[in-house]
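Source file: start10.pdb; contents: PDB, C-alpha atoms.
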```
ATOM      1  CA  TRP A   1      98.783-181.162 -12.937
ATOM      2  CA  ILE A   2     100.042-181.771 -16.441
ATOM      3  CA  VAL A   3     103.652-181.990 -17.578
ATOM      4  CA  TRP A   4     104.277-182.108 -21.336
ATOM      5  CA  GLY A   5     107.138-181.439 -23.728
ATOM      6  CA  GLY A   6     110.380-179.674 -22.931
ATOM      7  CA  TYR A   7     114.059-180.362 -23.369
ATOM      8  CA  ASP A   8     116.034-182.971 -21.410
ATOM      9  CA  PHE A   9     119.541-181.713 -22.323
ATOM     10  CA  PHE A  10     119.778-184.237 -25.162
ATOM     11  CA  ASP A  11     116.556-183.865 -27.138
ATOM     12  CA  TRP A  12     113.157-182.160 -27.332
ATOM     13  CA  GLN A  13     110.133-184.042 -26.000
ATOM     14  CA  ASN A  14     106.467-184.399 -26.957
ATOM     15  CA  ASN A  15     105.220-186.674 -24.197
ATOM     16  CA  GLY A  16     104.111-186.136 -20.631
ATOM     17  CA  ALA A  17     101.893-187.289 -17.805
ATOM     18  CA  LEU A  18      99.098-186.294 -15.442
ATOM     19  CA  PHE A  19      99.847-185.922 -11.717
ATOM     20  CA  ASP A  20      97.164-186.204  -9.028
ATOM     21  CA  PRO A  21      98.248-184.127  -6.006
ATOM     22  CA  GLU A  22      95.637-185.789  -3.769
ATOM     23  CA  LYS A  23      97.177-189.207  -4.477
ATOM     24  CA  ASN A  24     100.690-187.736  -4.755
ATOM     25  CA  ALA A  25     101.137-189.927  -7.821
ATOM     26  CA  TRP A  26     101.426-189.861 -11.607
ATOM     27  CA  ILE A  27      98.135-191.317 -12.852
ATOM     28  CA  GLN A  28      98.205-191.268 -16.669
ATOM     29  CA  SER A  29     100.774-190.944 -19.437
ATOM     30  CA  ILE A  30     100.219-188.537 -22.307
ATOM     31  CA  PRO A  31     101.016-190.330 -25.584
ATOM     32  CA  SER A  32     103.516-188.887 -28.025
ATOM     33  CA  ALA A  33     101.872-190.671 -30.981
ATOM     34  CA  GLY A  34      99.559-188.136 -32.618
ATOM     35  CA  ALA A  35     100.962-185.304 -30.452
ATOM     36  CA  PRO A  36     102.418-182.063 -31.781
ATOM     37  CA  THR A  37     106.123-182.146 -32.683
ATOM     38  CA  PRO A  38     108.588-182.169 -29.767
ATOM     39  CA  ARG A  39     109.304-178.673 -28.424
ATOM     40  CA  GLN A  40     110.180-176.497 -25.474
ATOM     41  CA  SER A  41     108.820-173.144 -24.244
ATOM     42  CA  ALA A  42     105.328-173.863 -25.549
ATOM     43  CA  THR A  43     102.069-172.645 -24.053
ATOM     44  CA  GLY A  44      99.950-175.182 -22.210
ATOM     45  CA  ALA A  45      96.402-174.714 -20.925
ATOM     46  CA  TRP A  46      93.529-176.830 -19.598
ATOM     47  CA  ASP A  47      90.029-175.997 -20.874
ATOM     48  CA  GLY A  48      88.146-178.341 -18.560
ATOM     49  CA  SER A  49      88.305-181.366 -20.840
ATOM     50  CA  HIS A  50      91.374-180.866 -23.090
ATOM     51  CA  PHE A  51      95.028-180.083 -22.595
ATOM     52  CA  ILE A  52      95.960-177.459 -25.199
ATOM     53  CA  VAL A  53      99.550-176.928 -26.343
ATOM     54  CA  TRP A  54     100.697-174.299 -28.851
ATOM     55  CA  GLY A  55     103.911-172.683 -30.116
ATOM     56  CA  GLY A  56     107.422-173.213 -28.799
ATOM     57  CA  TRP A  57     110.840-174.028 -30.133
ATOM     58  CA  THR A  58     112.224-177.254 -31.600
ATOM     59  CA  GLY A  59     115.920-176.435 -31.615
ATOM     60  CA  GLY A  60     115.522-175.223 -35.185
ATOM     61  CA  PRO A  61     112.340-173.535 -36.347
ATOM     62  CA  TYR A  62     109.867-171.868 -34.009
ATOM     63  CA  GLU A  63     106.352-173.320 -34.022
ATOM     64  CA  ASN A  64     102.875-171.925 -34.611
ATOM     65  CA  THR A  65     101.285-175.354 -34.461
ATOM     66  CA  GLY A  66      99.755-177.254 -31.600
ATOM     67  CA  GLY A  67      97.227-179.790 -30.491
ATOM     68  CA  MET A  68      94.457-180.596 -28.042
ATOM     69  CA  TRP A  69      94.582-183.801 -26.005
ATOM     70  CA  ASN A  70      91.517-185.351 -24.427
ATOM     71  CA  PRO A  71      92.537-187.867 -21.718
ATOM     72  CA  LYS A  72      89.189-189.677 -22.120
ATOM     73  CA  THR A  73      89.590-190.274 -25.883
ATOM     74  CA  THR A  74      92.386-192.557 -26.976
ATOM     75  CA  SER A  75      90.886-194.078 -30.119
ATOM     76  CA  ASN A  76      91.158-190.813 -32.086
ATOM     77  CA  ASN A  77      94.889-190.300 -32.796
ATOM     78  CA  ASN A  78      95.665-191.240 -29.157
ATOM     79  CA  GLY A  79      93.343-188.448 -28.033
ATOM     80  CA  TRP A  80      95.154-185.677 -29.944
ATOM     81  CA  THR A  81      93.415-183.230 -32.310
ATOM     82  CA  PRO A  82      95.621-180.832 -34.303
ATOM     83  CA  ILE A  83      94.959-177.115 -33.779
ATOM     84  CA  THR A  84      94.074-175.123 -36.866
ATOM     85  CA  MET A  85      96.782-172.871 -38.250
ATOM     86  CA  GLN A  86      94.305-170.567 -40.007
ATOM     87  CA  ASN A  87      94.731-167.062 -38.480
ATOM     88  CA  ALA A  88      97.197-168.430 -35.884
ATOM     89  CA  PRO A  89      99.910-166.036 -34.662
ATOM     90  CA  ALA A  90     103.358-166.218 -36.256
ATOM     91  CA  ALA A  91     105.636-169.006 -35.044
ATOM     92  CA  ARG A  92     107.191-168.065 -31.693
ATOM     93  CA  SER A  93     108.580-169.045 -28.339
ATOM     94  CA  PHE A  94     108.990-167.336 -24.935
ATOM     95  CA  HIS A  95     105.466-165.924 -25.330
ATOM     96  CA  SER A  96     102.674-165.839 -22.781
ATOM     97  CA  GLY A  97      99.565-167.957 -22.906
ATOM     98  CA  VAL A  98      96.684-167.676 -20.453
ATOM     99  CA  TRP A  99      93.349-169.447 -20.216
ATOM    100  CA  THR A 100      90.484-166.989 -19.701
ATOM    101  CA  GLY A 101      87.806-169.543 -18.919
ATOM    102  CA  HIS A 102      86.681-169.930 -22.535
ATOM    103  CA  GLU A 103      89.709-169.233 -24.740
ATOM    104  CA  LEU A 104      93.504-169.358 -24.800
ATOM    105  CA  VAL A 105      95.105-165.955 -25.294
ATOM    106  CA  VAL A 106      98.646-165.970 -26.714
ATOM    107  CA  TRP A 107     100.701-162.771 -26.801
ATOM    108  CA  GLY A 108     104.274-161.595 -27.380
ATOM    109  CA  GLY A 109     107.337-163.785 -27.620
ATOM    110  CA  CYS A 110     110.054-164.068 -30.212
ATOM    111  CA  GLY A 111     110.931-165.925 -33.388
ATOM    112  CA  GLY A 112     113.094-165.490 -36.425
ATOM    113  CA  ASP A 113     116.809-166.290 -36.432
ATOM    114  CA  ALA A 114     118.032-166.856 -32.829
ATOM    115  CA  CYS A 115     114.838-165.352 -31.366
ATOM    116  CA  ASN A 116     115.784-161.871 -32.601
ATOM    117  CA  THR A 117     112.298-160.943 -33.865
ATOM    118  CA  PHE A 118     110.131-159.725 -30.969
ATOM    119  CA  TYR A 119     106.337-159.819 -31.214
ATOM    120  CA  GLY A 120     103.753-157.439 -29.772
ATOM    121  CA  ASP A 121     100.783-159.251 -31.275
ATOM    122  CA  GLY A 122      99.040-162.545 -30.631
ATOM    123  CA  GLY A 123      95.799-164.408 -30.948
ATOM    124  CA  ARG A 124      92.741-165.749 -29.177
ATOM    125  CA  PHE A 125      92.155-169.482 -29.599
ATOM    126  CA  ALA A 126      88.650-170.883 -29.059
ATOM    127  CA  PRO A 127      88.838-174.684 -28.906
ATOM    128  CA  ASN A 128      86.332-176.978 -30.562
ATOM    129  CA  GLU A 129      86.357-180.592 -31.748
ATOM    130  CA  ASN A 130      87.381-179.520 -35.282
ATOM    131  CA  GLY A 131      90.688-177.906 -34.282
ATOM    132  CA  GLY A 132      89.347-174.592 -32.940
ATOM    133  CA  THR A 133      89.467-171.071 -34.323
ATOM    134  CA  TRP A 134      91.969-168.225 -34.006
ATOM    135  CA  THR A 135      91.132-164.517 -33.800
ATOM    136  CA  PRO A 136      94.196-162.291 -34.304
ATOM    137  CA  ILE A 137      95.244-159.695 -31.708
ATOM    138  CA  ALA A 138      96.972-156.690 -33.272
ATOM    139  CA  GLU A 139      99.946-154.852 -31.792
ATOM    140  CA  HIS A 140      99.215-151.871 -29.556
ATOM    141  CA  PRO A 141     101.546-148.842 -29.533
ATOM    142  CA  ALA A 142     101.486-148.579 -25.707
ATOM    143  CA  LEU A 143     102.668-152.182 -25.223
ATOM    144  CA  SER A 144     106.208-152.869 -26.457
ATOM    145  CA  PRO A 145     106.947-156.202 -28.159
ATOM    146  CA  ARG A 146     108.729-158.512 -25.705
ATOM    147  CA  ARG A 147     109.610-162.024 -24.653
ATOM    148  CA  ASN A 148     109.984-163.833 -21.315
ATOM    149  CA  HIS A 149     107.275-161.713 -19.700
ATOM    150  CA  SER A 150     104.579-162.672 -17.211
ATOM    151  CA  ALA A 151     100.869-162.700 -17.967
ATOM    152  CA  VAL A 152      97.906-163.344 -15.670
ATOM    153  CA  VAL A 153      94.134-163.194 -15.982
ATOM    154  CA  SER A 154      92.349-160.921 -13.504
ATOM    155  CA  ASN A 155      88.569-161.036 -13.896
ATOM    156  CA  THR A 156      88.114-159.802 -17.476
ATOM    157  CA  LEU A 157      91.606-158.310 -17.905
ATOM    158  CA  ILE A 158      94.942-159.799 -18.907
ATOM    159  CA  LEU A 159      97.939-158.185 -17.245
ATOM    160  CA  ILE A 160     101.335-158.265 -19.006
ATOM    161  CA  TRP A 161     104.416-157.405 -16.947
ATOM    162  CA  GLY A 162     108.179-157.378 -17.400
ATOM    163  CA  GLY A 163     110.107-159.324 -19.963
ATOM    164  CA  ARG A 164     112.869-158.502 -22.363
ATOM    165  CA  LEU A 165     112.115-155.761 -24.859
ATOM    166  CA  GLY A 166     113.062-156.001 -28.510
TER
END
```
Let me see the file written as structure tokens.
Amino acid sequence: WIVWGGYDFFDWQNNGALFDPEKNAWIQSIPSAGAPTPRQSATGAWDGSHFIVWGGWTGGPYENTGGMWNPKTTSNNNGWTPITMQNAPAARSFHSGVWTGHELVVWGGCGGDACNTFYGDGGRFAPNENGGTWTPIAEHPALSPRRNHSAVVSNTLILIWGGRLG
């Protein structure tokens, strides 16, 4: 299990740790040096060798930045590699992010002033050692823009359910 980022009632965080449920213990800290800016409501995913974090809110602007952390590489910026912003979705929070087995799919959420802009678009992020690549996902007229929804991967489909409509 991985815990990273969030808000502790006083400030936003950009650190975390790995938890081993078999040992019932925290086994490794995730460094904040080299990490993306502190934030809450970001997407997190594990691709088999990297923890990927993207988007979220910093108490001011919404984010469309992120990073990939490799727990086995600490010499390179404490293991963090910035995610490319080229073709990334607009800055947002309260979006969904699911790992499909080979890419992170981000959809929906909100941004703007006080989270009053709702999104019905997103992007597909394919990680690589150079910061990855984004492929945009356009809005679809049958799927209303929303935030705080649930998303799951089922075989080759992504199911979106609920949330607050714009």
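Distance annotation: of A:Trp1, A:Ser144, A:Asp11, A:Val152, the residue with the minimal separation from Asn24 of chain A is A:Trp1; atom set is only C-alpha atoms.
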Atom-to-atom span, atom CA of Thr37 of chain A and atom CA of Asn14 of chain A, Å
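So the answer is 6.2 Å.
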Using the chain letters and numbers from this file, what does the PyMOL selection byres ((chain A and resi 69) around 7) select? Give the answer as number ranges by chain.
A: 50-52, 67-68, 70-71, 79-81
Just want the 9 Å neighbourhood of segment 38-41 of chain A, counted on all atoms listed in the file, with same-chain residues fewer than 2 positions away dropped. Output as a PDB file with C-alpha atoms, in the frame of the given file.
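The file below, selection29.pdb, is the result:
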```pdb
ATOM      1  CA  GLY A   5     107.138-181.439 -23.728  1.00  0.00           C
ATOM      2  CA  GLY A   6     110.380-179.674 -22.931  1.00  0.00           C
ATOM      3  CA  TYR A   7     114.059-180.362 -23.369  1.00  0.00           C
ATOM      4  CA  ASP A  11     116.556-183.865 -27.138  1.00  0.00           C
ATOM      5  CA  TRP A  12     113.157-182.160 -27.332  1.00  0.00           C
ATOM      6  CA  GLN A  13     110.133-184.042 -26.000  1.00  0.00           C
ATOM      7  CA  ASN A  14     106.467-184.399 -26.957  1.00  0.00           C
ATOM      8  CA  ASN A  15     105.220-186.674 -24.197  1.00  0.00           C
ATOM      9  CA  SER A  32     103.516-188.887 -28.025  1.00  0.00           C
ATOM     10  CA  ALA A  35     100.962-185.304 -30.452  1.00  0.00           C
ATOM     11  CA  PRO A  36     102.418-182.063 -31.781  1.00  0.00           C
ATOM     12  CA  THR A  43     102.069-172.645 -24.053  1.00  0.00           C
ATOM     13  CA  GLY A  55     103.911-172.683 -30.116  1.00  0.00           C
ATOM     14  CA  GLY A  56     107.422-173.213 -28.799  1.00  0.00           C
ATOM     15  CA  TRP A  57     110.840-174.028 -30.133  1.00  0.00           C
ATOM     16  CA  THR A  58     112.224-177.254 -31.600  1.00  0.00           C
ATOM     17  CA  GLY A  59     115.920-176.435 -31.615  1.00  0.00           C
ATOM     18  CA  TYR A  62     109.867-171.868 -34.009  1.00  0.00           C
ATOM     19  CA  GLU A  63     106.352-173.320 -34.022  1.00  0.00           C
ATOM     20  CA  SER A  93     108.580-169.045 -28.339  1.00  0.00           C
ATOM     21  CA  PHE A  94     108.990-167.336 -24.935  1.00  0.00           C
ATOM     22  CA  HIS A  95     105.466-165.924 -25.330  1.00  0.00           C
TER      23      HIS A  95
END
```
Starting from the displayed file, determine the output of the PyMOL selection byres ((chain A and resi 163) around 9) and express the residue list as a ChimeraX atom specification.
/A:146-150,160-162,164-165
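Note on the selection: in this file the PyMOL selection byres ((chain A and resi 135-140) around 9) comes out as Asn87, Ala88, Pro89, Val105, Val106, Trp107, Tyr119, Gly120, Asp121, Gly122, Gly123, Arg124, Phe125, Ala126, Thr133, Trp134, Pro141, Ala142, Leu143, Ser144 and Pro145 of chain A.
Atom CA of Phe10 of chain A is positioned 14.1 Å from atom CA of Gly60 of chain A.
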Pick the closest to Ser29 of chain A from A:Thr84, A:Ser49, A:Asn130, A:Asn78: which is it, counting all atoms listed in the file?
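Nearest to Ser29 of chain A: A:Asn78.
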Compare A:Gln28, A:Gly131, A:Cys115, A:Asn155 by their minimum atom-to-atom distance to Thr65 of chain A, counting only C-alpha atoms, and give me the closest one.
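Closest residue, counting only C-alpha atoms: A:Gly131.
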Could you tell me how far atom CA of Leu157 of chain A sits from atom CA of Trp54 of chain A, in Å to one decimal place?
21.4 Å
Top pick for closest residue to Gln86 of chain A, considering A:Asn116, A:Asn64, A:Ser154, A:Thr100 and counting all atoms listed in the file
A:Asn64
